[in-house]
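Report on one structure; see the data block that follows.
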Amino acid sequence: MANDEKAELERLANEEYKYGFVTDVESETLPKGLNEDVVRWISAKKGEPAWMTEKRLAAFRRWTKMPEPHWANVEIAPIDYQELSYYSGPKKDRPKSLDEVDPELLETFEKLGVPMQERAALAGVAVDAVFDSVSVATTYREELAERGIIFSSISEAIREHPDLVKKYIGTVVPPSDNFYAAMNSAVFSDGTFVYVPKGVRCPMELSTYFRINAANTGQFERTLIIADEGAYVSYLEGCTAPIRDENQLHAAVVELIAHKDAEIKYSTVQNWYAGDKEGKGGVYNFVTKRGLCEGENSKISWTQVETGSAITWKYPSCILRGDNSVGEFYSVALTRNRQQADTGTKMVHLGKNTKSNVVSKGISAGYSQNSYRGLVKVGKNAEGARNFSQCDSLLIGDKCGAHTFPYLEIDNPSAQVEHEATTSKIGEDRIFYLKQRGLDEENAVSMIVNGYCKEVFRELPMEFAVEAQKLLSVSLEGSVG
Amino acid sequence: MLTIKNLHAEIDGKPILKGIDLQVNAGETHAVMGPNGSGKSTLAHVLSGREGYTPTEGEVIFEGKNLLEMEPEERAREGVFLAFQYPIEIPGVSNTNLLKEGLNEIRKHRGEPELSAGDFLKLVREKAKLVEMKKELLNRSVNEGFSGGEKKRNEIFQLAVLDPKLALLDETDSGLDIDALRVVAKGVNAVRNEKNAFLLVTHYQRLLNYIVPDFVHVLADGTIVKSGGKELALELEERGYEWISEKAESA
């Protein structure tokens with residue numbers, strides 16, 4: 001093999017997952033195991049009021065009685081929940097201002113492309129950075145506070161805005177919802193809290209960046225976003241983790257509440273470490289995300305680009321309770337190597353004239369398995385409900401699988417529900433056409449795949465859309481041929 | 001520019017080209033005509049490197065290099081362009097985006113810097129005007145929802161932007177009405193110059209009324225059975241392909 005060719009191959013191999021580095025910070029990590037003492041310790045560590053500790057303990061007791069779910073179309077080796085640590089955080093206390101943040105941590109996030117300087121080029125995006133179990137920094141807080149917007153870590157919110165948290169937490173995703181939601185409710189470590197008051201349009205994108213650093217740890221993010229009457233907020237989250245041979249567990253709960261005339265846009269670019277070519281290591285991403293369109297004319301829109309994780313189990317959903325409320329779900333899920341994804345959405349129509357729109361684009365390569373699972377439920381009082389779902393699957397190679405599991409539960413005869421599904425292989429004729437215009441195979445495939453995902457990408461905020469495209473291109477490297 | 005010597009090629013093990021010899025120089029336009037199944041489209045595909053069209057014998061030298069050893073994208077970057085008989089639709093990929101990527105790859109290959117966004121747009125607008133391509137089609141997805149005529153015009157527009165040395169036009173006239181044909185031909189003529197060469201693959205003579213070739217070759221059963229000037233095309237139109245095939249058999 002020619003030397004430069006070898007160098008090129010090495011470069012590609014190394015580029016496979018460029019976020020796989022480990023940050024050397026002094027951490028405080030709980031010994032392995034999950035019991036009531038661990039739950040109490042976490043609650044105490046965060047200085048929580050008694051009601052929160054009680055909520056956590058109730059959730060823990062519930063969890064011990066719940067079975068692990070096995071209905072998803074994925075194969076998981078048994079997980080020993082007592083072999084994980086449920087808390088890990090940088091040892092130093094959370095600094096008062098950005099200037100005091102451990103430079104090592106700031107550098108980690110800068111390396112990941114997360115803007116941590118308030119006057120950086122990416123002004124207009126406020127960031128909450130979560131490192132393992134702890135939120136380490138939140139930018140632009142004062143500016144937002146001037147408009148009455150609360151943007152903080154959930155730990156702080158529990159201490160500083162207990163009434164708001166108490167009123168909303170667990171109302172959309174109760175601990176009893178599922179095994180992982182119960183677990184999260186017991187041991188959640190950190191996450192983001194957003195409250196946008198009546199009539200306020202949040203002037204910048206709010207974002208949280210989740211980073212798992214420590215080994216053998218679970219990250220249990222808890223995010224709660226409330227848009228009061230007539231408010232608007234657009235929120236983004238990004239996720240990465242170092243390359244480790246062991247599987248890491250990420251079991252998050254996200255709750256959104258949109259009051260009358262309010263709108264919440266929630267975008268995710270998920271790029272957790274996916275494991276190596278043989279399927280060793282990688283993050284288990286078991287997430288419960290749900291939004292409640294509580295008031296009339298409210299709107300919740302989920303957009304997700306999922307390229308990472310060894311296993312993804314995630315169904316961002318909308319409960320359309322308010323009349324005329326709207327739920328949207330736009331998803332790109334790319335799996336390759338031995339990755340497994342079982343993802344989709346639930347649209348529950350309760351109010352009159354509620355509308356939902358689902359666009360799901362699955363891409364499978366290598367030996368991966370990619371499933372779309374979606375529920376459309378129309379309650380008996382949901383007069384005039386409408387849903388449109390489009391699920392497309394694209395296969396690269398012939399060792400992978402794409403599956404679609406649509407469920408319909410319609411209890412009102414006036415409902416209009418449409419479902420379209422397509423499965424296609426990436427066409428040789430398209431690849432040849434692009435090659436004939438000068439593009440190499442990988443570039444051609446990436447262009448075709450990006451084009452295929454365009455409907456979803458255009459729902460993302462500008463900077464994220466560009467990032468998502470790049471991410472997809474990098475993820476596709478080595479998937480063809 | 002292009003020298004084809006004793007080129008044989010097969011599809012799925014079935015011999016289609018059975019010894020083609022052809023010399024194309026810069027500034028020339030060659031028309032390859034022939035009945036259905038004679039191998040003329042296969043020739044265009046073999047030259048562009050399409051998978052499944054396998055050369056089995058002979059050689060093709062393009063600008064001093066062995067063309068048959070190159071990947072399709074290398075051929076494109078060296079300056080071989082194929083205008084497709086059935087242009088492919090690529091949903092979600094805009095025409096300009098494709099051209100920008102393609103042009104930059106070609107420039108990189110030539111050791112030239114990438115064009116700035118401004119210069120690229122200027123170039124695209126200029127070429128769109130040249131081939132009378134509607135502006136609104138520039139940012140639409142490649143060929144998606146284009147009419148038959150618009151697709152063919154888009155191929156010529158891409159040709160104009162990428163500015164190849166050798167353009168292979170595969171049945172560019174098929175499916176075009178006379179007005180569309182005239183516009184497409186006008187575009188091709190506007191791009192023709194001293195430095196480039198064209199190989200037109202066509203079944204009918206009518207395209208050659210608008211794009212006048214320097215040479216006409218008649219292909220039958222995988223070989224060139226007759227070559228001549230533009231008048232050969234007219235003769236074919238009058239007497240049909242059987243006249244040539246019979247002549248070839250008796251020879």
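Within each chain, counting starts at residue 1; across the structure tokens, chains are named A, B, ... in the order shown, with ligands numbered 1 upward in that order.
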Considering only C-alpha atoms, give me a table of residues in chain A that are at most 8 Å from chain B, with the closest atom pair and distance in Å for each, as a Markdown table.
```
| residue | atom | partner | partner_atom | distance |
| --- | --- | --- | --- | --- |
| A:Asp429 | CA | B:Ile88 | CA | 7.2 |
| A:Arg430 | CA | B:Ile88 | CA | 6.3 |
| A:Phe432 | CA | B:Arg50 | CA | 6.9 |
| A:Tyr433 | CA | B:Ile88 | CA | 6.8 |
| A:Leu434 | CA | B:Leu98 | CA | 7.8 |
| A:Lys435 | CA | B:Glu73 | CA | 4.6 |
| A:Gln436 | CA | B:Ala76 | CA | 5.4 |
| A:Arg437 | CA | B:Gly102 | CA | 5.3 |
| A:Gly438 | CA | B:Glu73 | CA | 4.6 |
| A:Leu439 | CA | B:Glu73 | CA | 5.8 |
| A:Asp440 | CA | B:Glu73 | CA | 5.9 |
| A:Met447 | CA | B:Val93 | CA | 6.9 |
| A:Ile448 | CA | B:Ile90 | CA | 6.8 |
| A:Asn450 | CA | B:Gly92 | CA | 7.4 |
| A:Gly451 | CA | B:Gly92 | CA | 3.7 |
| A:Tyr452 | CA | B:Gly92 | CA | 5.7 |
| A:Cys453 | CA | B:Gly92 | CA | 7.5 |
| A:Lys454 | CA | B:Gly92 | CA | 5.7 |
| A:Glu455 | CA | B:Gly92 | CA | 7.9 |
```
Do you know which residues are at most 6 Å from Gly295 of chain A counting only C-alpha atoms, after dropping those on the same chain fewer than 2 positions away, and could you put them as an mmCIF file with N, CA, C and O atoms, in the first residue's frame?
```cif
data_model
loop_
_atom_site.group_PDB
_atom_site.id
_atom_site.type_symbol
_atom_site.label_atom_id
_atom_site.label_comp_id
_atom_site.auth_asym_id
_atom_site.auth_seq_id
_atom_site.Cartn_x
_atom_site.Cartn_y
_atom_site.Cartn_z
ATOM 1 N N HIS A 259 -48.254 26.179 27.636
ATOM 2 C CA HIS A 259 -49.577 26.699 27.987
ATOM 3 C C HIS A 259 -50.229 27.336 26.764
ATOM 4 O O HIS A 259 -49.686 27.294 25.670
ATOM 5 N N LYS A 260 -51.391 27.941 26.994
ATOM 6 C CA LYS A 260 -52.171 28.540 25.902
ATOM 7 C C LYS A 260 -51.292 29.415 24.988
ATOM 8 O O LYS A 260 -50.503 30.228 25.472
ATOM 9 N N CYS A 293 -49.051 19.729 25.443
ATOM 10 C CA CYS A 293 -49.677 20.950 24.928
ATOM 11 C C CYS A 293 -50.896 21.165 25.801
ATOM 12 O O CYS A 293 -51.978 20.648 25.529
ATOM 13 N N SER A 298 -51.566 25.740 21.546
ATOM 14 C CA SER A 298 -50.151 25.592 21.892
ATOM 15 C C SER A 298 -49.503 24.654 20.878
ATOM 16 O O SER A 298 -50.184 23.928 20.147
ATOM 17 N N GLY A 322 -54.825 20.690 24.796
ATOM 18 C CA GLY A 322 -55.504 21.946 24.450
ATOM 19 C C GLY A 322 -56.157 21.848 23.076
ATOM 20 O O GLY A 322 -55.611 21.216 22.169
#
```
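Across the model, the gap from atom CA of Gly282 of chain A to atom CA of Tyr86 of chain A is 17.5 Å.
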Identify all residues of segment 16-141 of chain B in strand (DSSP E or B) (DSSP on the backbone) and supply them as a PyMOL selection string. chain B and resi 16-24+29-33+53-62+65-66+80-83+90-94+141
For Ala190 of chain B, please output as number ranges by chain all residues within 10 Å (counting only C-alpha atoms; exclusion window: fewer than 6 positions along the same chain). B: 127, 130-131, 160, 184
Writer output for current selection, C-alpha atoms, as a short mmCIF file (atom, residue, chain, number, x, y, z; two decimals), in the first residue's frame:
```cif
data_model
loop_
_atom_site.label_atom_id
_atom_site.label_comp_id
_atom_site.auth_asym_id
_atom_site.auth_seq_id
_atom_site.Cartn_x
_atom_site.Cartn_y
_atom_site.Cartn_z
CA LYS B 127 -23.94 29.69 -17.74
CA LEU B 130 -26.04 30.77 -21.94
CA VAL B 131 -28.16 27.61 -22.03
CA ALA B 160 -21.44 24.41 -19.30
CA VAL B 184 -30.57 22.35 -26.01
#
```
Contacts of segment 346-360 of chain A at 6 Å (only C-alpha atoms; same-chain gap of 3+ positions) as a short mmCIF file (atom, residue, chain, number, x, y, z; two decimals) with all heavy atoms, in the first residue's frame:
```
data_model
loop_
_atom_site.label_atom_id
_atom_site.label_comp_id
_atom_site.auth_asym_id
_atom_site.auth_seq_id
_atom_site.Cartn_x
_atom_site.Cartn_y
_atom_site.Cartn_z
N SER A 317 -42.67 12.51 22.58
CA SER A 317 -44.12 12.44 22.34
C SER A 317 -44.81 13.75 22.65
O SER A 317 -44.24 14.62 23.31
CB SER A 317 -44.72 11.35 23.21
OG SER A 317 -44.04 10.13 22.99
N CYS A 318 -46.03 13.86 22.18
CA CYS A 318 -46.84 15.04 22.47
C CYS A 318 -48.22 14.62 22.95
O CYS A 318 -48.86 13.77 22.33
CB CYS A 318 -47.05 15.91 21.23
SG CYS A 318 -45.52 16.57 20.54
N ILE A 319 -48.63 15.23 24.07
CA ILE A 319 -50.00 15.05 24.53
C ILE A 319 -50.73 16.32 24.13
O ILE A 319 -50.44 17.40 24.66
CB ILE A 319 -50.07 14.92 26.07
CG1 ILE A 319 -49.01 13.96 26.58
CG2 ILE A 319 -51.50 14.56 26.51
CD1 ILE A 319 -49.35 12.54 26.65
N LEU A 320 -51.65 16.19 23.20
CA LEU A 320 -52.33 17.38 22.67
C LEU A 320 -53.64 17.56 23.42
O LEU A 320 -54.70 17.14 22.96
CB LEU A 320 -52.53 17.22 21.16
CG LEU A 320 -51.23 16.95 20.38
CD1 LEU A 320 -51.51 16.56 18.94
CD2 LEU A 320 -50.31 18.17 20.44
N ARG A 321 -53.54 18.19 24.59
CA ARG A 321 -54.73 18.34 25.42
C ARG A 321 -55.52 19.58 25.03
O ARG A 321 -56.74 19.58 24.96
CB ARG A 321 -54.34 18.40 26.89
CG ARG A 321 -55.56 18.42 27.80
CD ARG A 321 -55.17 18.63 29.25
NE ARG A 321 -54.48 17.48 29.81
CZ ARG A 321 -53.71 17.53 30.90
NH1 ARG A 321 -53.51 18.70 31.52
NH2 ARG A 321 -53.13 16.45 31.36
N GLY A 322 -54.82 20.69 24.80
CA GLY A 322 -55.50 21.95 24.45
C GLY A 322 -56.16 21.85 23.08
O GLY A 322 -55.61 21.22 22.17
N ASP A 323 -57.34 22.48 22.94
CA ASP A 323 -57.97 22.51 21.62
C ASP A 323 -57.05 23.23 20.63
O ASP A 323 -56.34 24.16 21.00
CB ASP A 323 -59.32 23.24 21.69
CG ASP A 323 -60.36 22.45 22.48
OD1 ASP A 323 -60.10 21.26 22.75
OD2 ASP A 323 -61.39 23.03 22.84
N ASN A 324 -57.08 22.79 19.40
CA ASN A 324 -56.27 23.38 18.32
C ASN A 324 -54.76 23.30 18.57
O ASN A 324 -54.01 24.04 17.94
CB ASN A 324 -56.63 24.86 18.08
CG ASN A 324 -58.10 25.05 17.81
OD1 ASN A 324 -58.69 24.34 17.00
ND2 ASN A 324 -58.71 25.98 18.53
N SER A 325 -54.35 22.47 19.47
CA SER A 325 -52.90 22.40 19.70
C SER A 325 -52.24 21.53 18.62
O SER A 325 -52.90 20.72 17.96
CB SER A 325 -52.58 21.89 21.10
OG SER A 325 -53.11 20.61 21.29
N VAL A 326 -50.92 21.72 18.47
CA VAL A 326 -50.20 21.09 17.37
C VAL A 326 -48.95 20.37 17.90
O VAL A 326 -48.20 20.93 18.70
CB VAL A 326 -49.74 22.15 16.33
CG1 VAL A 326 -48.93 21.50 15.20
CG2 VAL A 326 -50.94 22.88 15.75
N GLY A 327 -48.75 19.14 17.48
CA GLY A 327 -47.54 18.41 17.84
C GLY A 327 -46.78 18.02 16.58
O GLY A 327 -47.39 17.62 15.59
N GLU A 328 -45.46 18.15 16.64
CA GLU A 328 -44.66 17.79 15.47
C GLU A 328 -43.47 16.94 15.90
O GLU A 328 -42.92 17.13 16.99
CB GLU A 328 -44.12 19.04 14.77
CG GLU A 328 -45.19 19.87 14.14
CD GLU A 328 -44.63 21.16 13.52
OE1 GLU A 328 -43.56 21.63 13.97
OE2 GLU A 328 -45.27 21.67 12.61
N PHE A 329 -43.07 16.04 15.03
CA PHE A 329 -41.91 15.19 15.30
C PHE A 329 -41.14 15.02 14.00
O PHE A 329 -41.68 14.52 13.02
CB PHE A 329 -42.37 13.84 15.83
CG PHE A 329 -41.26 12.83 16.02
CD1 PHE A 329 -40.39 12.94 17.09
CD2 PHE A 329 -41.11 11.76 15.15
CE1 PHE A 329 -39.37 12.01 17.28
CE2 PHE A 329 -40.10 10.82 15.33
CZ PHE A 329 -39.23 10.95 16.41
N TYR A 330 -39.91 15.51 13.98
CA TYR A 330 -39.05 15.35 12.81
C TYR A 330 -37.81 14.60 13.25
O TYR A 330 -37.13 15.02 14.18
CB TYR A 330 -38.64 16.71 12.25
CG TYR A 330 -39.80 17.58 11.84
CD1 TYR A 330 -40.31 18.55 12.70
CD2 TYR A 330 -40.39 17.42 10.59
CE1 TYR A 330 -41.38 19.34 12.33
CE2 TYR A 330 -41.46 18.21 10.20
CZ TYR A 330 -41.95 19.16 11.08
OH TYR A 330 -43.01 19.94 10.71
N SER A 331 -37.53 13.50 12.60
CA SER A 331 -36.43 12.67 13.10
C SER A 331 -35.54 12.12 11.99
O SER A 331 -36.02 11.67 10.95
CB SER A 331 -37.03 11.50 13.88
OG SER A 331 -36.03 10.55 14.18
N GLY A 374 -44.23 4.11 16.17
CA GLY A 374 -45.03 5.32 16.38
C GLY A 374 -46.46 5.00 16.74
O GLY A 374 -47.07 4.08 16.20
N LEU A 375 -46.98 5.78 17.68
CA LEU A 375 -48.38 5.62 18.06
C LEU A 375 -49.14 6.90 17.75
O LEU A 375 -48.68 7.99 18.07
CB LEU A 375 -48.47 5.34 19.57
CG LEU A 375 -49.87 5.47 20.19
CD1 LEU A 375 -50.79 4.33 19.78
CD2 LEU A 375 -49.79 5.55 21.72
N VAL A 376 -50.29 6.76 17.12
CA VAL A 376 -51.21 7.88 16.99
C VAL A 376 -52.48 7.47 17.70
O VAL A 376 -53.09 6.45 17.37
CB VAL A 376 -51.52 8.21 15.51
CG1 VAL A 376 -52.54 9.34 15.43
CG2 VAL A 376 -50.23 8.59 14.78
N LYS A 377 -52.84 8.26 18.73
CA LYS A 377 -54.01 7.92 19.52
C LYS A 377 -54.95 9.10 19.46
O LYS A 377 -54.54 10.25 19.68
CB LYS A 377 -53.55 7.66 20.96
CG LYS A 377 -54.63 7.12 21.87
CD LYS A 377 -54.03 6.94 23.27
CE LYS A 377 -55.14 6.77 24.28
NZ LYS A 377 -55.45 5.36 24.53
N VAL A 378 -56.20 8.84 19.13
CA VAL A 378 -57.19 9.91 19.09
C VAL A 378 -58.27 9.57 20.10
O VAL A 378 -58.96 8.55 19.98
CB VAL A 378 -57.79 10.06 17.67
CG1 VAL A 378 -58.87 11.14 17.67
CG2 VAL A 378 -56.70 10.40 16.67
N GLY A 379 -58.39 10.42 21.12
CA GLY A 379 -59.36 10.19 22.19
C GLY A 379 -60.79 10.45 21.71
O GLY A 379 -61.00 11.06 20.66
N ALA A 382 -61.74 14.05 20.91
CA ALA A 382 -60.86 14.81 20.02
C ALA A 382 -61.51 14.97 18.64
O ALA A 382 -61.03 14.45 17.63
CB ALA A 382 -59.50 14.13 19.91
N GLU A 383 -62.59 15.73 18.63
CA GLU A 383 -63.31 16.01 17.39
C GLU A 383 -62.36 16.68 16.38
O GLU A 383 -61.65 17.61 16.73
CB GLU A 383 -64.47 16.95 17.73
CG GLU A 383 -65.67 16.89 16.82
CD GLU A 383 -66.38 15.53 16.87
OE1 GLU A 383 -66.53 14.93 17.97
OE2 GLU A 383 -66.76 15.08 15.79
N GLY A 384 -62.35 16.20 15.14
CA GLY A 384 -61.58 16.90 14.10
C GLY A 384 -60.08 16.73 14.18
O GLY A 384 -59.32 17.52 13.61
N ALA A 385 -59.60 15.72 14.89
CA ALA A 385 -58.15 15.52 15.01
C ALA A 385 -57.56 15.08 13.67
O ALA A 385 -58.19 14.35 12.90
CB ALA A 385 -57.84 14.48 16.07
N ARG A 386 -56.35 15.53 13.41
CA ARG A 386 -55.70 15.15 12.16
C ARG A 386 -54.25 14.77 12.40
O ARG A 386 -53.54 15.41 13.16
CB ARG A 386 -55.74 16.31 11.15
CG ARG A 386 -57.10 16.45 10.52
CD ARG A 386 -57.24 17.79 9.85
NE ARG A 386 -56.26 17.94 8.78
CZ ARG A 386 -56.10 19.08 8.10
NH1 ARG A 386 -56.83 20.13 8.41
NH2 ARG A 386 -55.22 19.15 7.14
N ASN A 387 -53.83 13.72 11.73
CA ASN A 387 -52.42 13.31 11.83
C ASN A 387 -51.92 12.95 10.45
O ASN A 387 -52.62 12.36 9.64
CB ASN A 387 -52.27 12.09 12.75
CG ASN A 387 -50.96 11.36 12.49
OD1 ASN A 387 -50.90 10.44 11.68
ND2 ASN A 387 -49.90 11.78 13.14
N PHE A 388 -50.69 13.33 10.20
CA PHE A 388 -50.02 12.84 9.01
C PHE A 388 -48.66 12.29 9.41
O PHE A 388 -47.89 12.96 10.09
CB PHE A 388 -49.85 13.94 7.96
CG PHE A 388 -49.06 13.48 6.78
CD1 PHE A 388 -49.65 12.62 5.84
CD2 PHE A 388 -47.74 13.84 6.61
CE1 PHE A 388 -48.93 12.14 4.77
CE2 PHE A 388 -47.00 13.36 5.54
CZ PHE A 388 -47.60 12.52 4.61
N SER A 389 -48.38 11.05 9.05
CA SER A 389 -47.08 10.45 9.38
C SER A 389 -46.41 9.97 8.11
O SER A 389 -47.04 9.35 7.26
CB SER A 389 -47.25 9.24 10.29
OG SER A 389 -47.89 9.60 11.48
N GLN A 390 -45.13 10.29 8.02
CA GLN A 390 -44.35 9.81 6.89
C GLN A 390 -43.09 9.17 7.43
O GLN A 390 -42.31 9.80 8.14
CB GLN A 390 -44.01 10.99 5.99
CG GLN A 390 -43.29 10.58 4.73
CD GLN A 390 -42.68 11.80 4.05
OE1 GLN A 390 -43.21 12.90 4.13
NE2 GLN A 390 -41.55 11.60 3.40
N CYS A 391 -42.89 7.89 7.13
CA CYS A 391 -41.72 7.18 7.65
C CYS A 391 -40.95 6.60 6.49
O CYS A 391 -41.43 5.71 5.80
CB CYS A 391 -42.15 6.03 8.54
SG CYS A 391 -43.21 6.61 9.85
#
```
